[in-house]
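Report on the following structure.
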Amino acid sequence: MSRIVLRGNDSNLLPLLTRLRLQGEHEITGIIPVGEGRDLELYTEISAIPLLLEKDWKLWRHVMDIIVTDSPLPEEMEELPQCTPQDCERNFLDGQAEIEADPMPEAEAHRDDPPSPAEPRIRFDFPGFAHELRREIRRSRRYHLGFCFTLFRIVNEGGDSLSPDKFLVEPLSSLPSRVGRKTDSWGISPEGILLHLAPEIQEQSRLLKRRLSTALEEQVGKMPGGPWRCQSAQALYPQDGERASELIRRAMVALARQS
């Protein structure tokens, strides 16, 4: 197993990061966002991968075997073992096919639109979910609304989490259309954490979390590896934070307490 630090922007590294995490044969020990790295920064909140600073490279160099970078390293860091994202694909993923995901939404084209009425579904597309979260923050700020952001994790008695691919097939893949609203957004991280965004819900947030937790436990009741139970944690906008990273961090801390 190689210890990998990723350095670069969202578009070049997030798809690679997802495939590396899903494959599970290599350890991601840090992320250095460069340029358009807002989604990478958010991802560190939900994955417990450290966000590293280039100026501290001498402090974290011992936790890595290679740094994958999509642009030249600063001169003082050139001695570090390095490769490009393309080399990483060949050397560490061995031609593994990309996970099918929704294309990144046009963030600027519909920045203030209300949530999409499209049929809700669970997706691997973290950039898409991050966009929905940021868009809902802008909309809620403009119209003085609130929303709730909820995390769910399905675990068995041994503490093992339900693998993320299980959320993309029945009976879980259709869960959003059966128990959610069309304005809700759903995502799944490579760690198996289900993300849920419900616009304009605050007073009923606890009831919503309890209802979705019950529905999830009912759906996974007969899956192999159980018995399974649902852990959940929630953050409310704006009470628990007015930035995406603050909401994710608040919910992740609460989820960690249940482990």
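In the structure tokens, chains take letters A, B, ... by order of appearance, with residues numbered from 1 within each chain and ligands from 1 in the order shown.
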- Could you pull the residues within 10 Å of A:Tyr43, counting only C-alpha atoms, minus those fewer than 3 positions along the same chain, as a VMD selection string? chain A and resid 14 17 31 37 to 40 46 to 51 126 to 127 130 189 245 248
- Item | Non-local contacts of stretch 224-239 of chain A (8 Å; only C-alpha atoms; under 4 positions in same chain excluded) as a PyMOL selection string | chain A and resi 137+146-157+202+209+213-214+216-217+220+247-248+250-252+254-255+258
- Task: Taking the DSSP assignment computed from this structure's backbone, write out as a count of residues only all residues of stretch 9-216 of chain A that belong to strand (DSSP E or B).
- Result: 36
- Task: Return as a ChimeraX atom specification the full set of residues in stretch 25-198 of chain A whose backbone-based DSSP assignment is helix (DSSP H, G or I).
- Result: /A:38-47,54-63,75-77,85-93,126-143,164-168,175-179
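The residue set within 12 Å of A:His62, counting only C-alpha atoms and dropping same-chain residues fewer than 2 places from it, reads Arg3, Ile4, Val5, Thr29, Gly30, Asp56, Trp57, Lys58, Leu59, Trp60, Met64, Asp65, Ile66, Ile67, Leu80 and Pro81 of chain A.
Residue nearest A:Thr69, chosen from A:Leu42, A:Ile201, A:Leu6, A:Leu172 and counting only C-alpha atoms: A:Leu6.
With atom CA of A:Met1 on one side and atom CA of A:Lys166 on the other, the separation reads 25.1 Å.
Across the structure, atom CA of A:Pro85 and atom CA of A:Ser71 are spaced 9.7 Å apart.
Atom CA of A:Gly8 is found 12.6 Å from atom CA of A:Gln82.
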